[in-house]
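Have a look at entry22.cif; it's mmCIF, C-alpha atoms:
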data_model
loop_
_atom_site.label_atom_id
_atom_site.label_comp_id
_atom_site.auth_asym_id
_atom_site.auth_seq_id
_atom_site.Cartn_x
_atom_site.Cartn_y
_atom_site.Cartn_z
CA MET A 1314 0.00 0.00 0.00
CA ALA A 1315 1.27 3.44 -0.88
CA TYR A 1316 1.19 5.68 2.15
CA ALA A 1317 2.59 8.65 0.20
CA SER A 1318 -0.87 9.24 -1.25
CA LYS A 1319 -2.61 9.09 2.12
CA SER A 1320 -0.97 12.03 3.79
CA PRO A 1321 -0.04 14.71 1.27
CA TRP A 1322 1.29 17.71 3.19
CA VAL A 1323 1.34 20.87 1.11
CA ILE A 1324 3.38 24.05 1.17
CA HIS A 1325 2.22 27.21 -0.57
CA TYR A 1326 4.50 29.86 -2.08
CA ASP A 1327 3.37 33.09 -3.72
CA GLY A 1328 5.74 33.95 -6.58
CA SER A 1329 4.58 37.19 -8.14
CA SER A 1330 0.88 36.47 -8.02
CA CYS A 1331 -1.71 39.27 -7.90
CA ASN A 1332 -3.03 37.43 -4.76
CA GLY A 1333 -6.12 36.21 -6.60
CA CYS A 1334 -4.80 32.66 -6.83
CA ASP A 1335 -3.34 32.83 -3.31
CA ILE A 1336 -6.75 33.57 -1.87
CA GLU A 1337 -8.17 30.64 -3.83
CA VAL A 1338 -5.39 28.33 -2.60
CA LEU A 1339 -6.02 29.37 0.99
CA ALA A 1340 -9.77 28.99 0.46
CA THR A 1341 -9.11 25.43 -0.74
CA LEU A 1342 -7.23 24.66 2.47
CA CYS A 1343 -9.99 26.18 4.63
CA PRO A 1344 -12.25 24.08 6.88
CA GLY A 1345 -15.05 24.51 4.29
CA PHE A 1346 -13.37 22.09 1.88
CA ASP A 1347 -11.81 20.14 4.78
CA GLY A 1348 -8.67 18.90 3.05
CA GLU A 1349 -7.74 17.00 6.20
CA ARG A 1350 -10.32 14.37 5.18
CA PHE A 1351 -7.65 13.22 2.72
CA GLY A 1352 -4.78 13.86 5.11
CA VAL A 1353 -3.89 17.21 3.52
CA ILE A 1354 -2.08 19.48 5.97
CA ASN A 1355 -0.79 22.95 5.20
CA THR A 1356 2.78 23.11 6.46
CA GLY A 1357 5.02 26.15 6.56
CA ASN A 1358 8.10 23.99 6.35
CA PRO A 1359 9.48 22.76 2.99
CA LYS A 1360 11.23 19.88 4.77
CA HIS A 1361 7.86 18.46 5.86
CA ALA A 1362 5.98 19.08 2.61
CA ASP A 1363 5.19 16.64 -0.20
CA ILE A 1364 3.30 18.93 -2.60
CA PHE A 1365 4.53 22.39 -3.55
CA LEU A 1366 1.76 24.78 -4.62
CA VAL A 1367 3.17 27.78 -6.48
CA THR A 1368 1.09 30.76 -7.55
CA GLY A 1369 2.24 33.56 -9.83
CA SER A 1370 4.99 33.73 -12.42
CA VAL A 1371 8.72 33.49 -11.90
CA ASN A 1372 10.86 36.62 -12.08
CA ALA A 1373 14.48 37.48 -11.39
CA GLN A 1374 13.65 38.30 -7.77
CA ASN A 1375 11.95 35.05 -6.81
CA ILE A 1376 13.52 32.40 -9.04
CA ASP A 1377 16.16 31.62 -6.41
CA VAL A 1378 13.53 31.41 -3.69
CA VAL A 1379 11.41 28.96 -5.70
CA ARG A 1380 14.48 26.81 -6.38
CA GLU A 1381 15.54 26.96 -2.72
CA ILE A 1382 12.14 25.78 -1.47
CA TYR A 1383 12.09 23.01 -4.08
CA ASP A 1384 15.60 21.88 -3.15
CA GLN A 1385 14.73 21.78 0.55
CA MET A 1386 11.76 19.49 -0.01
CA VAL A 1387 12.43 15.81 0.61
CA GLU A 1388 11.89 13.22 -2.14
CA PRO A 1389 9.32 12.08 -3.25
CA LYS A 1390 7.89 15.53 -4.04
CA VAL A 1391 5.45 17.06 -6.50
CA VAL A 1392 5.06 20.59 -7.85
CA VAL A 1393 1.63 21.99 -8.75
CA ALA A 1394 1.50 25.27 -10.69
CA CYS A 1395 -1.68 27.02 -9.53
CA GLY A 1396 -3.15 29.59 -11.90
CA ILE A 1397 -2.32 30.58 -15.45
CA CYS A 1398 0.54 32.87 -14.34
CA ALA A 1399 2.28 29.95 -12.64
CA CYS A 1400 1.62 27.80 -15.71
CA SER A 1401 2.91 30.14 -18.44
CA GLY A 1402 3.26 33.67 -17.12
CA GLY A 1403 -0.37 34.49 -18.01
CA ILE A 1404 -1.20 38.07 -18.90
CA PHE A 1405 2.17 39.11 -17.50
CA HIS A 1406 4.10 36.80 -19.87
CA ASP A 1407 5.67 39.63 -21.91
CA CYS A 1408 6.46 41.96 -19.01
CA TYR A 1409 10.12 43.00 -19.00
CA ASN A 1410 10.71 41.45 -15.55
CA VAL A 1411 8.82 38.17 -15.98
CA ILE A 1412 10.83 35.07 -16.89
CA GLY A 1413 7.76 32.87 -17.39
CA GLY A 1414 5.91 30.02 -15.71
CA VAL A 1415 7.21 28.08 -12.73
CA ASP A 1416 8.60 25.41 -15.09
CA LYS A 1417 11.35 27.89 -16.04
CA ALA A 1418 12.74 27.40 -12.51
CA ILE A 1419 11.81 23.89 -11.35
CA PRO A 1420 10.17 20.79 -12.89
CA VAL A 1421 6.37 21.09 -12.67
CA ASP A 1422 4.23 17.95 -12.43
CA VAL A 1423 0.68 19.30 -12.61
CA TYR A 1424 -0.62 22.49 -14.26
CA ALA A 1425 -3.86 24.02 -12.91
CA PRO A 1426 -4.83 26.93 -15.15
CA GLY A 1427 -7.40 29.60 -14.32
CA CYS A 1428 -7.56 33.28 -13.53
CA ALA A 1429 -8.05 33.03 -10.67
CA VAL A 1430 -7.75 29.25 -10.40
CA ARG A 1431 -10.91 27.79 -8.82
CA PRO A 1432 -10.72 25.73 -5.61
CA GLU A 1433 -12.25 22.80 -7.50
CA ALA A 1434 -9.42 23.01 -10.05
CA ILE A 1435 -6.84 23.14 -7.24
CA ILE A 1436 -8.37 20.11 -5.53
CA ASP A 1437 -8.36 18.28 -8.88
CA ALA A 1438 -4.71 19.26 -9.41
CA ILE A 1439 -3.74 18.10 -5.91
CA VAL A 1440 -5.49 14.76 -6.48
CA GLN A 1441 -3.57 14.35 -9.76
CA GLY A 1442 -0.44 15.40 -7.87
CA ILE A 1443 -1.11 12.63 -5.36
CA GLY A 1444 -1.11 10.18 -8.30
CA VAL A 1445 2.30 11.46 -9.42
CA LEU A 1446 3.51 11.34 -5.82
CA GLU A 1447 2.51 7.70 -5.60
CA GLU A 1448 4.38 6.89 -8.83
CA LYS A 1449 7.50 8.65 -7.58
CA ALA A 1450 7.30 6.87 -4.21
CA ALA A 1451 6.97 3.51 -5.98
CA ALA A 1452 9.93 4.35 -8.24
CA MET A 1453 11.99 5.32 -5.18
CA LYS A 1454 11.09 2.08 -3.43
CA SER A 1455 12.04 -0.11 -6.41
CA ALA A 1456 15.28 1.85 -6.88
CA LYS A 1457 16.08 1.21 -3.22
CA LYS A 1458 15.40 -2.52 -3.65
CA GLY A 1459 17.56 -2.68 -6.77
CA ALA A 1460 20.47 -0.93 -5.11
CA MET B 150 15.52 -9.18 38.61
CA THR B 151 13.88 -5.75 38.88
CA ILE B 152 16.08 -4.49 36.06
CA LEU B 153 15.04 -7.44 33.90
CA ILE B 154 11.34 -6.79 34.56
CA THR B 155 11.81 -3.09 33.79
CA LEU B 156 13.61 -3.85 30.53
CA ILE B 157 10.96 -6.36 29.45
CA GLY B 158 8.35 -3.76 30.41
CA ALA B 159 10.16 -1.14 28.34
CA LEU B 160 10.20 -3.48 25.33
CA LEU B 161 6.49 -4.24 25.72
CA PHE B 162 5.81 -0.53 26.14
CA ALA B 163 7.81 0.21 22.96
CA VAL B 164 5.51 -2.17 21.06
CA LEU B 165 2.14 -1.39 22.65
CA ALA B 166 2.34 2.32 23.50
CA PRO B 167 2.75 3.49 19.87
CA VAL B 168 -0.41 1.53 18.97
CA VAL B 169 -2.47 3.09 21.77
CA GLY B 170 -0.83 6.51 21.31
CA CYS B 171 -1.50 6.44 17.56
CA LEU B 172 -5.20 5.73 18.15
CA LEU B 173 -5.36 8.50 20.77
CA ALA B 174 -3.70 10.92 18.33
CA GLY B 175 -6.16 9.92 15.60
CA LEU B 176 -9.05 10.37 18.02
CA ASP B 177 -7.65 13.81 18.89
CA ARG B 178 -7.65 14.85 15.23
CA VAL B 179 -11.16 13.53 14.54
CA ILE B 180 -12.63 15.16 17.67
CA SER B 181 -10.80 18.43 16.92
CA ALA B 182 -12.22 18.39 13.39
CA ARG B 183 -15.76 17.76 14.71
CA MET B 184 -15.34 20.64 17.16
CA GLN B 185 -14.49 22.87 14.17
CA GLY B 186 -17.49 21.65 12.15
CA ARG B 187 -15.42 19.41 9.86
CA VAL B 188 -15.52 15.71 9.06
CA GLY B 189 -11.83 15.26 9.77
CA PRO B 190 -9.32 12.60 8.75
CA PRO B 191 -9.66 8.84 9.23
CA ILE B 192 -8.79 7.71 12.74
CA LEU B 193 -5.63 5.99 11.44
CA GLN B 194 -4.35 9.22 9.83
CA PRO B 195 -1.38 9.59 12.27
CA TYR B 196 -0.32 6.05 11.28
CA TYR B 197 -0.51 6.94 7.56
CA ASP B 198 1.54 10.09 8.24
CA VAL B 199 4.27 8.16 10.01
CA ARG B 200 4.37 5.43 7.34
CA LYS B 201 4.72 8.11 4.68
CA LEU B 202 7.50 9.86 6.65
CA LEU B 203 9.37 6.55 7.04
CA GLY B 204 9.24 6.08 3.25
CA LYS B 205 10.75 9.46 2.49
CA GLU B 206 14.34 10.16 1.56
CA ARG B 207 16.73 10.44 4.52
CA VAL B 208 18.14 13.95 4.57
CA SER B 209 19.62 15.51 7.67
CA VAL B 210 21.71 18.59 8.24
CA ASN B 211 24.12 16.56 10.39
CA SER B 212 24.72 12.98 11.44
CA VAL B 213 23.93 13.34 15.16
CA GLU B 214 20.37 14.71 14.94
CA GLY B 215 18.89 11.28 14.21
CA THR B 216 20.92 9.74 17.06
CA TYR B 217 19.62 12.30 19.57
CA VAL B 218 16.02 11.75 18.45
CA ALA B 219 16.50 7.97 18.69
CA CYS B 220 17.87 8.45 22.24
CA ALA B 221 14.82 10.55 23.12
CA LEU B 222 12.56 7.75 21.88
CA VAL B 223 14.51 5.03 23.73
CA PHE B 224 14.37 6.95 27.03
CA ALA B 225 10.66 7.67 26.56
CA CYS B 226 10.11 3.90 26.18
CA LEU B 227 12.30 3.20 29.21
CA ALA B 228 10.31 5.71 31.30
CA GLY B 229 7.12 4.00 30.14
CA GLY B 230 8.57 0.60 31.05
CA ILE B 231 9.51 1.81 34.53
CA PHE B 232 6.05 3.27 35.12
CA TYR B 233 3.89 0.44 33.77
CA THR B 234 5.87 -2.29 35.53
CA GLY B 235 5.10 -0.50 38.80
CA GLY B 236 8.62 0.86 39.21
CA ASN B 237 9.95 3.97 40.89
CA LEU B 238 7.91 7.05 39.96
CA LEU B 239 10.78 9.43 40.68
CA LEU B 240 13.06 7.51 38.30
CA CYS B 241 10.30 7.52 35.66
CA VAL B 242 10.02 11.32 36.00
CA PHE B 243 13.78 11.79 35.61
CA VAL B 244 14.08 9.44 32.64
CA ILE B 245 11.25 11.13 30.73
CA THR B 246 12.93 14.50 31.42
CA LEU B 247 16.16 13.05 30.00
CA SER B 248 14.16 12.11 26.91
CA SER B 249 12.92 15.73 26.61
CA LEU B 250 16.49 16.99 26.95
CA PHE B 251 17.68 14.74 24.11
CA PHE B 252 14.86 16.12 21.97
CA ILE B 253 16.01 19.68 22.77
CA ILE B 254 19.66 18.84 22.00
CA ALA B 255 18.56 17.32 18.68
CA ALA B 256 16.92 20.63 17.75
CA TYR B 257 19.93 22.68 18.89
CA SER B 258 22.35 20.43 16.97
CA SER B 259 20.94 21.59 13.62
CA ARG B 260 22.03 25.21 14.24
CA SER B 261 18.94 26.42 12.38
CA PRO B 262 17.64 29.71 13.85
CA TYR B 263 14.03 28.47 13.75
CA ALA B 264 14.89 25.15 15.38
CA GLU B 265 16.88 27.06 18.02
CA VAL B 266 13.90 29.29 18.82
CA GLY B 267 11.81 26.14 19.13
CA ALA B 268 14.44 24.45 21.30
CA ALA B 269 14.66 27.52 23.57
CA ARG B 270 10.88 27.47 23.97
CA GLU B 271 10.89 23.73 24.62
CA THR B 272 13.48 24.35 27.36
CA LEU B 273 11.15 26.95 28.87
CA GLN B 274 8.33 24.40 28.78
CA VAL B 275 10.48 21.87 30.62
CA MET B 276 11.33 24.59 33.19
CA SER B 277 7.64 25.38 33.55
CA TYR B 278 6.28 21.91 34.19
CA GLU B 279 9.17 20.27 36.00
CA PRO B 280 8.50 21.69 39.52
CA MET B 281 4.91 20.41 39.44
CA VAL B 282 6.00 17.00 38.13
CA LEU B 283 8.49 16.65 40.99
CA LEU B 284 5.87 17.74 43.53
CA MET B 285 3.57 15.12 42.00
CA ALA B 286 6.15 12.43 42.76
CA VAL B 287 6.57 13.73 46.31
CA GLY B 288 2.79 13.92 46.74
CA PHE B 289 2.54 10.34 45.52
CA PHE B 290 5.06 9.28 48.16
CA MET B 291 3.21 11.09 50.95
CA ALA B 292 -0.14 9.63 49.90
CA SER B 293 0.93 6.03 49.31
CA GLY B 294 4.02 5.76 51.52
CA SER B 295 6.20 4.59 48.65
CA PHE B 296 7.76 5.88 45.44
CA ASP B 297 6.87 2.59 43.74
CA VAL B 298 3.90 2.91 41.42
CA SER B 299 2.85 -0.66 42.28
CA ALA B 300 2.03 0.55 45.81
CA VAL B 301 -1.30 1.92 44.58
CA PHE B 302 -2.67 -1.62 44.27
CA SER B 303 -2.44 -2.15 48.04
CA LEU B 304 -4.29 1.04 49.00
CA ASP B 305 -7.77 1.20 50.52
CA ALA B 306 -8.64 4.40 48.67
CA PRO B 307 -7.16 6.03 45.52
CA ILE B 308 -4.49 8.66 46.21
CA VAL B 309 -6.65 11.32 44.57
CA THR B 310 -8.64 11.42 47.81
CA THR B 311 -5.64 12.84 49.67
CA VAL B 312 -3.70 14.64 46.93
CA TRP B 313 -6.52 15.99 44.77
CA LEU B 314 -4.87 19.43 44.65
CA VAL B 315 -1.73 17.83 43.23
CA PHE B 316 -3.94 16.08 40.67
CA LEU B 317 -5.40 19.45 39.60
CA GLY B 318 -1.85 20.82 39.32
CA LEU B 319 -0.94 17.83 37.11
CA LEU B 320 -3.94 18.58 34.89
CA PHE B 321 -2.66 22.14 34.43
CA ILE B 322 0.87 21.16 33.38
CA LEU B 323 -0.43 18.23 31.31
CA THR B 324 -1.42 20.78 28.65
CA ILE B 325 2.20 21.99 28.55
CA LYS B 326 3.59 18.45 28.49
CA LEU B 327 1.30 17.41 25.63
CA ARG B 328 2.28 20.63 23.77
CA LYS B 329 -1.32 21.65 23.37
CA SER B 330 -2.69 25.15 22.93
CA PRO B 331 -2.51 27.54 24.89
CA PHE B 332 0.94 26.15 25.75
CA ASP B 333 2.04 24.93 22.31
CA LEU B 334 4.93 27.37 22.17
CA SER B 335 7.71 25.08 20.98
CA MET B 336 5.82 23.14 18.34
CA SER B 337 2.19 23.40 17.41
CA HIS B 338 0.02 20.79 15.78
CA HIS B 339 -2.23 23.47 14.34
CA ALA B 340 -0.52 26.79 13.57
CA HIS B 341 1.97 25.33 11.16
CA GLN B 342 3.25 28.71 10.01
CA GLU B 343 4.51 29.67 13.47
CA ILE B 344 8.36 29.96 13.55
CA VAL B 345 8.29 27.53 10.59
CA ARG B 346 7.82 24.43 12.78
CA GLY B 347 9.69 25.18 16.00
CA VAL B 348 11.70 22.27 17.40
CA THR B 349 11.07 19.99 14.45
CA THR B 350 11.97 22.54 11.73
CA GLU B 351 15.07 20.64 10.61
CA MET B 352 13.70 17.16 11.27
CA SER B 353 12.29 15.49 8.19
CA GLY B 354 11.35 12.09 6.82
CA PRO B 355 12.26 9.11 9.06
CA THR B 356 13.58 11.39 11.84
CA LEU B 357 10.25 13.20 12.04
CA ALA B 358 8.51 9.82 12.10
CA LEU B 359 10.53 8.90 15.22
CA VAL B 360 9.49 12.22 16.81
CA GLU B 361 5.83 11.39 16.16
CA ILE B 362 6.22 7.92 17.67
CA MET B 363 7.93 9.49 20.69
CA HIS B 364 4.93 11.81 21.14
CA TRP B 365 2.59 8.80 21.10
CA CYS B 366 4.68 7.08 23.78
CA GLU B 367 4.78 10.28 25.86
CA THR B 368 0.99 10.63 25.64
CA VAL B 369 0.46 7.07 26.84
CA LEU B 370 2.88 7.60 29.75
CA PHE B 371 1.32 10.90 30.85
CA MET B 372 -2.16 9.38 30.66
CA GLY B 373 -0.80 6.62 32.89
CA TRP B 374 0.19 9.29 35.42
CA VAL B 375 -3.37 10.61 35.34
CA GLY B 376 -4.84 7.12 35.77
CA MET B 377 -2.46 6.35 38.67
CA PHE B 378 -4.39 8.78 40.86
CA PHE B 379 -7.57 6.70 40.57
CA VAL B 380 -6.28 3.17 41.14
CA TRP B 381 -6.60 1.39 44.48
CA GLY B 382 -6.82 -2.17 45.82
CA SER B 383 -9.93 -3.15 43.89
CA PRO B 384 -9.42 -4.58 40.35
CA LEU B 385 -12.46 -2.54 39.25
CA SER B 386 -10.44 0.62 39.87
CA VAL B 387 -8.47 0.15 36.61
CA LEU B 388 -11.74 0.60 34.76
CA VAL B 389 -12.40 3.80 36.72
CA ALA B 390 -8.90 5.01 35.85
CA VAL B 391 -9.46 4.34 32.12
CA VAL B 392 -12.71 6.31 32.17
CA VAL B 393 -11.00 9.21 33.96
CA VAL B 394 -8.09 9.11 31.49
CA LEU B 395 -10.47 9.31 28.52
CA ALA B 396 -12.34 12.20 30.15
CA VAL B 397 -9.09 14.05 30.84
CA TYR B 398 -7.92 13.47 27.26
CA PHE B 399 -11.20 14.90 25.97
CA LEU B 400 -10.74 17.89 28.29
CA GLU B 401 -7.26 18.46 26.82
CA ILE B 402 -8.66 18.40 23.27
CA TRP B 403 -11.37 20.85 24.32
CA ILE B 404 -8.78 23.18 25.86
CA ASP B 405 -6.60 22.82 22.76
CA ASN B 406 -9.45 23.94 20.51
CA ASN B 407 -10.72 26.80 22.64
CA PHE B 408 -7.71 28.75 23.83
CA ALA B 409 -5.24 30.94 21.95
CA ARG B 410 -1.53 30.58 22.57
CA VAL B 411 -0.11 32.54 25.53
CA LYS B 412 3.30 34.18 25.87
CA TRP B 413 6.07 32.18 27.53
CA GLN B 414 6.15 34.59 30.48
CA PHE B 415 2.57 33.70 31.37
CA MET B 416 3.25 29.99 30.92
CA LEU B 417 6.27 30.04 33.24
CA LYS B 418 4.65 32.21 35.92
CA SER B 419 1.31 30.40 35.93
CA ALA B 420 2.87 26.93 35.93
CA TRP B 421 5.14 27.82 38.87
CA ALA B 422 2.26 29.51 40.70
CA VAL B 423 0.15 26.39 40.23
CA ALA B 424 3.02 24.19 41.40
CA LEU B 425 3.45 26.35 44.50
CA LEU B 426 -0.25 26.61 45.32
CA ALA B 427 -1.59 23.21 44.29
CA GLY B 428 1.52 21.20 45.10
CA GLY B 429 2.84 23.23 48.02
CA VAL B 430 -0.46 23.63 49.89
CA ASN B 431 -1.40 20.01 49.40
CA LEU B 432 1.97 18.74 50.63
CA ALA B 433 1.98 21.15 53.58
CA VAL B 434 -1.47 19.97 54.66
CA LEU B 435 -0.39 16.32 54.38
CA MET B 436 2.75 17.04 56.39
CA PHE B 437 1.11 18.84 59.30
CA ILE B 438 -2.22 17.07 59.60
#
Could you spell out this file's structure in structure tokens?
Amino acid sequence: MAYASKSPWVIHYDGSSCNGCDIEVLATLCPGFDGERFGVINTGNPKHADIFLVTGSVNAQNIDVVREIYDQMVEPKVVVACGICACSGGIFHDCYNVIGGVDKAIPVDVYAPGCAVRPEAIIDAIVQGIGVLEEKAAAMKSAKKGA
Amino acid sequence: MTILITLIGALLFAVLAPVVGCLLAGLDRVISARMQGRVGPPILQPYYDVRKLLGKERVSVNSVEGTYVACALVFACLAGGIFYTGGNLLLCVFVITLSSLFFIIAAYSSRSPYAEVGAARETLQVMSYEPMVLLMAVGFFMASGSFDVSAVFSLDAPIVTTVWLVFLGLLFILTIKLRKSPFDLSMSHHAHQEIVRGVTTEMSGPTLALVEIMHWCETVLFMGWVGMFFVWGSPLSVLVAVVVVLAVYFLEIWIDNNFARVKWQFMLKSAWAVALLAGGVNLAVLMFI
């Protein structure tokens, strides 16, 4: 049985979002949607997190921060780009300071577009992320056995 | 022979306490969720969390952190073994404090500023509850005439009848010992954004899993302390103790969900005031009457 999928702890980082997606991400983690039913816990610590929710595009100021958080997370880990800005840069894509979507900085596993991204879309993305997490955990386990 | 019994007890405790502690932790999360108008996780959620953590990659900022945490877990199990085999209560108190100290050293060893803030706060928590815990052991001696926990089974009436003030004092510091709000300064189960994660900031994967298991063992031991006050010569009394323990645990969850965190100054002052009033007055009365 894969336990990785039963307790996905998330961490949220706001890149250069307009805060629209951030509010939706926080709304998703509110008691109303009760993510804890599926073991989802919002952690403030990258070292405890399994799923990295990023909102907003990547720019020269935050690209190092995004990479740092990603590097601090412990394998197996999954990145979910929340909102169209995190996916591709969105309406800010041709701004002089914007590098692009989150995938310009770190590997992204699930894209959840929307402006702002709806809580339903975020939940769907997290559930897909859990699938990826399970695959990565299984791959890690078999690699360990092989070694 | 006593050492052998204690060691066997510690081994049994190391196997059984995590099971009971895990269920208690799951119950805590479900009841907390219901108090907040949510459905909450499955009751085995803490078990899933720990299994997941054990499966994660082993990364640590240094090589001693895991050793310290393992020591904390071993001493927590030893303290449990001493208590549940009816051993010396004073020794049990000291060994569980040693376990707390190893946990603090583990946090300090990482040199992370957030972990150090958490470790400093954990130290303050130990300072806050320790006087009352020691007075509890002394109160136990004055009520039962022995430091051995097994002495309760030869009493005519439970010790709570003579040291009920000490029992109330224990209830007060139990919230600090279980790291529940309003005394969850070093590491909170709820406000996860607070000083990143306090003591456990640098602990991840399998190390964090050991910390969780240690918390389960601690919970079972502290609940044993609560139950000890209600056990006497009659075999039926164990049932009474279990009912009281469940009620006290529910009370702790209720407190956890209804009170905001206090500053460390208030925690230290109030815990020492309670120790002085509840413990001191009770012991003085027992001594002079």
Query raised in the report: How far is it from atom CA of Ile180 of chain B to atom CA of Ser277 of chain B, in Å with one decimal?
Result: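 Calculated distance between atom CA of Ile180 of chain B and atom CA of Ser277 of chain B is 27.7 Å.
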Requested in this report: Considering only C-alpha atoms, extract the chain A residues located within 6 Å of chain B and return them as a PyMOL selection string.
Outcome: chain A and resi 1316-1317+1320+1349-1350+1352+1356-1358+1360-1361+1388
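What separates atom CA of Trp1322 of chain A from atom CA of Val1353 of chain A is a distance of 5.2 Å.
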Report task. Using the chain letters and numbering of this document, enumerate as a ChimeraX atom specification the residues selected by the PyMOL selection byres ((chain B and resi 306) around 12). Result -> /B:292-293,300-305,307-312,377-383,386
Report task. Check what the PyMOL selection byres ((chain A and resi 1333-1340) around 10) selects in the file above and give those residues as a ChimeraX atom specification. Result -> /A:1325-1328,1330-1332,1341-1346,1355,1366-1369,1395-1399,1427-1436
**Report entry** Selection dump of the PyMOL selection byres ((chain B and resi 434) around 12), as a PyMOL selection string
**Finding:** chain B and resi 288+291-292+311-315+426-433+435-438
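Here atom CA of Val298 of chain B and atom CA of Leu156 of chain B stand 16.1 Å from one another.
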Using all atoms listed in the file, which residues sit within 8 Å of Ser1401 of chain A once same-chain residues fewer than 6 positions away are excluded, as a PDB file with C-alpha atoms, keeping the file's coordinate frame?
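Result file follows (around25.pdb):
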ATOM      1  CA  SER A1370       4.990  33.730 -12.420  1.00  0.00           C
ATOM      2  CA  GLY A1413       7.760  32.870 -17.390  1.00  0.00           C
ATOM      3  CA  GLY A1414       5.910  30.020 -15.710  1.00  0.00           C
ATOM      4  CA  VAL A1415       7.210  28.080 -12.730  1.00  0.00           C
TER       5      VAL A1415
END
Any idea what's packed within 12 Å of Gly267 of chain B, counting all atoms listed in the file, ignoring anything in its chain fewer than 4 positions away? Could you give it as a short mmCIF file (atom, residue, chain, number, x, y, z; two decimals) with C-alpha atoms, keeping the file's coordinate frame?
data_model
loop_
_atom_site.label_atom_id
_atom_site.label_comp_id
_atom_site.auth_asym_id
_atom_site.auth_seq_id
_atom_site.Cartn_x
_atom_site.Cartn_y
_atom_site.Cartn_z
CA PHE B 252 14.86 16.12 21.97
CA ILE B 253 16.01 19.68 22.77
CA ILE B 254 19.66 18.84 22.00
CA ALA B 255 18.56 17.32 18.68
CA ALA B 256 16.92 20.63 17.75
CA TYR B 257 19.93 22.68 18.89
CA SER B 259 20.94 21.59 13.62
CA ARG B 260 22.03 25.21 14.24
CA SER B 261 18.94 26.42 12.38
CA PRO B 262 17.64 29.71 13.85
CA TYR B 263 14.03 28.47 13.75
CA GLU B 271 10.89 23.73 24.62
CA THR B 272 13.48 24.35 27.36
CA LEU B 273 11.15 26.95 28.87
CA GLN B 274 8.33 24.40 28.78
CA ARG B 328 2.28 20.63 23.77
CA ASP B 333 2.04 24.93 22.31
CA LEU B 334 4.93 27.37 22.17
CA SER B 335 7.71 25.08 20.98
CA MET B 336 5.82 23.14 18.34
CA SER B 337 2.19 23.40 17.41
CA GLU B 343 4.51 29.67 13.47
CA ILE B 344 8.36 29.96 13.55
CA VAL B 345 8.29 27.53 10.59
CA ARG B 346 7.82 24.43 12.78
CA GLY B 347 9.69 25.18 16.00
CA VAL B 348 11.70 22.27 17.40
CA THR B 349 11.07 19.99 14.45
CA THR B 350 11.97 22.54 11.73
CA GLU B 351 15.07 20.64 10.61
CA TRP B 413 6.07 32.18 27.53
#
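You can rank B:Val242, B:Leu161, B:Val389, B:Met363 by their closest distance to Tyr278 of chain B using all atoms listed in the file, and at the top of that list sits B:Val242.
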Hey, can I get the axis-aligned box for segment 261-265 of chain B? All listed atoms, 4 Å padding on each side, centre and edge lengths in Å to one decimal, as JSON.
{"center_x": 16.5, "center_y": 27.4, "center_z": 15.2, "size_x": 12.9, "size_y": 12.6, "size_z": 13.6}
Requested in this report: Between A:Val1445, A:Ala1452, A:Val1423, A:Ile1382, single out the one closest to Ala1394 of chain A, counting only C-alpha atoms.
Outcome: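 Nearest candidate to Ala1394 of chain A out of A:Val1445, A:Ala1452, A:Val1423, A:Ile1382: A:Val1423.
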Query raised in the report: Given the choices A:Lys1390, A:Ala1456, A:Cys1400, A:Glu1448, which gets closest to Ala1425 of chain A if the distance is worked out from only C-alpha atoms?
Result: A:Cys1400
Query - From A:Pro1420, A:Pro1321, A:Gly1403, A:Pro1389, residue lying nearest Ala1451 of chain A [all atoms listed in the file] - result: A:Pro1389
Any chance you could turn segment 1434-1439 of chain A into a file with N, CA, C and O atoms, as a PDB file, in the first residue's frame?
ATOM      1  N   ALA A1434     -10.555  23.316  -9.176  1.00  0.00           N
ATOM      2  CA  ALA A1434      -9.417  23.007 -10.053  1.00  0.00           C
ATOM      3  C   ALA A1434      -8.184  22.682  -9.219  1.00  0.00           C
ATOM      4  O   ALA A1434      -7.410  21.779  -9.571  1.00  0.00           O
ATOM      5  N   ILE A1435      -8.001  23.398  -8.099  1.00  0.00           N
ATOM      6  CA  ILE A1435      -6.835  23.138  -7.243  1.00  0.00           C
ATOM      7  C   ILE A1435      -6.952  21.751  -6.622  1.00  0.00           C
ATOM      8  O   ILE A1435      -5.985  20.977  -6.603  1.00  0.00           O
ATOM      9  N   ILE A1436      -8.172  21.431  -6.128  1.00  0.00           N
ATOM     10  CA  ILE A1436      -8.369  20.105  -5.526  1.00  0.00           C
ATOM     11  C   ILE A1436      -8.081  19.029  -6.562  1.00  0.00           C
ATOM     12  O   ILE A1436      -7.372  18.044  -6.291  1.00  0.00           O
ATOM     13  N   ASP A1437      -8.589  19.238  -7.800  1.00  0.00           N
ATOM     14  CA  ASP A1437      -8.359  18.280  -8.880  1.00  0.00           C
ATOM     15  C   ASP A1437      -6.862  18.135  -9.139  1.00  0.00           C
ATOM     16  O   ASP A1437      -6.344  17.014  -9.290  1.00  0.00           O
ATOM     17  N   ALA A1438      -6.153  19.279  -9.154  1.00  0.00           N
ATOM     18  CA  ALA A1438      -4.710  19.256  -9.411  1.00  0.00           C
ATOM     19  C   ALA A1438      -3.973  18.528  -8.292  1.00  0.00           C
ATOM     20  O   ALA A1438      -3.049  17.743  -8.551  1.00  0.00           O
ATOM     21  N   ILE A1439      -4.406  18.764  -7.034  1.00  0.00           N
ATOM     22  CA  ILE A1439      -3.743  18.098  -5.906  1.00  0.00           C
ATOM     23  C   ILE A1439      -3.962  16.588  -5.999  1.00  0.00           C
ATOM     24  O   ILE A1439      -3.045  15.800  -5.770  1.00  0.00           O
TER      25      ILE A1439
END
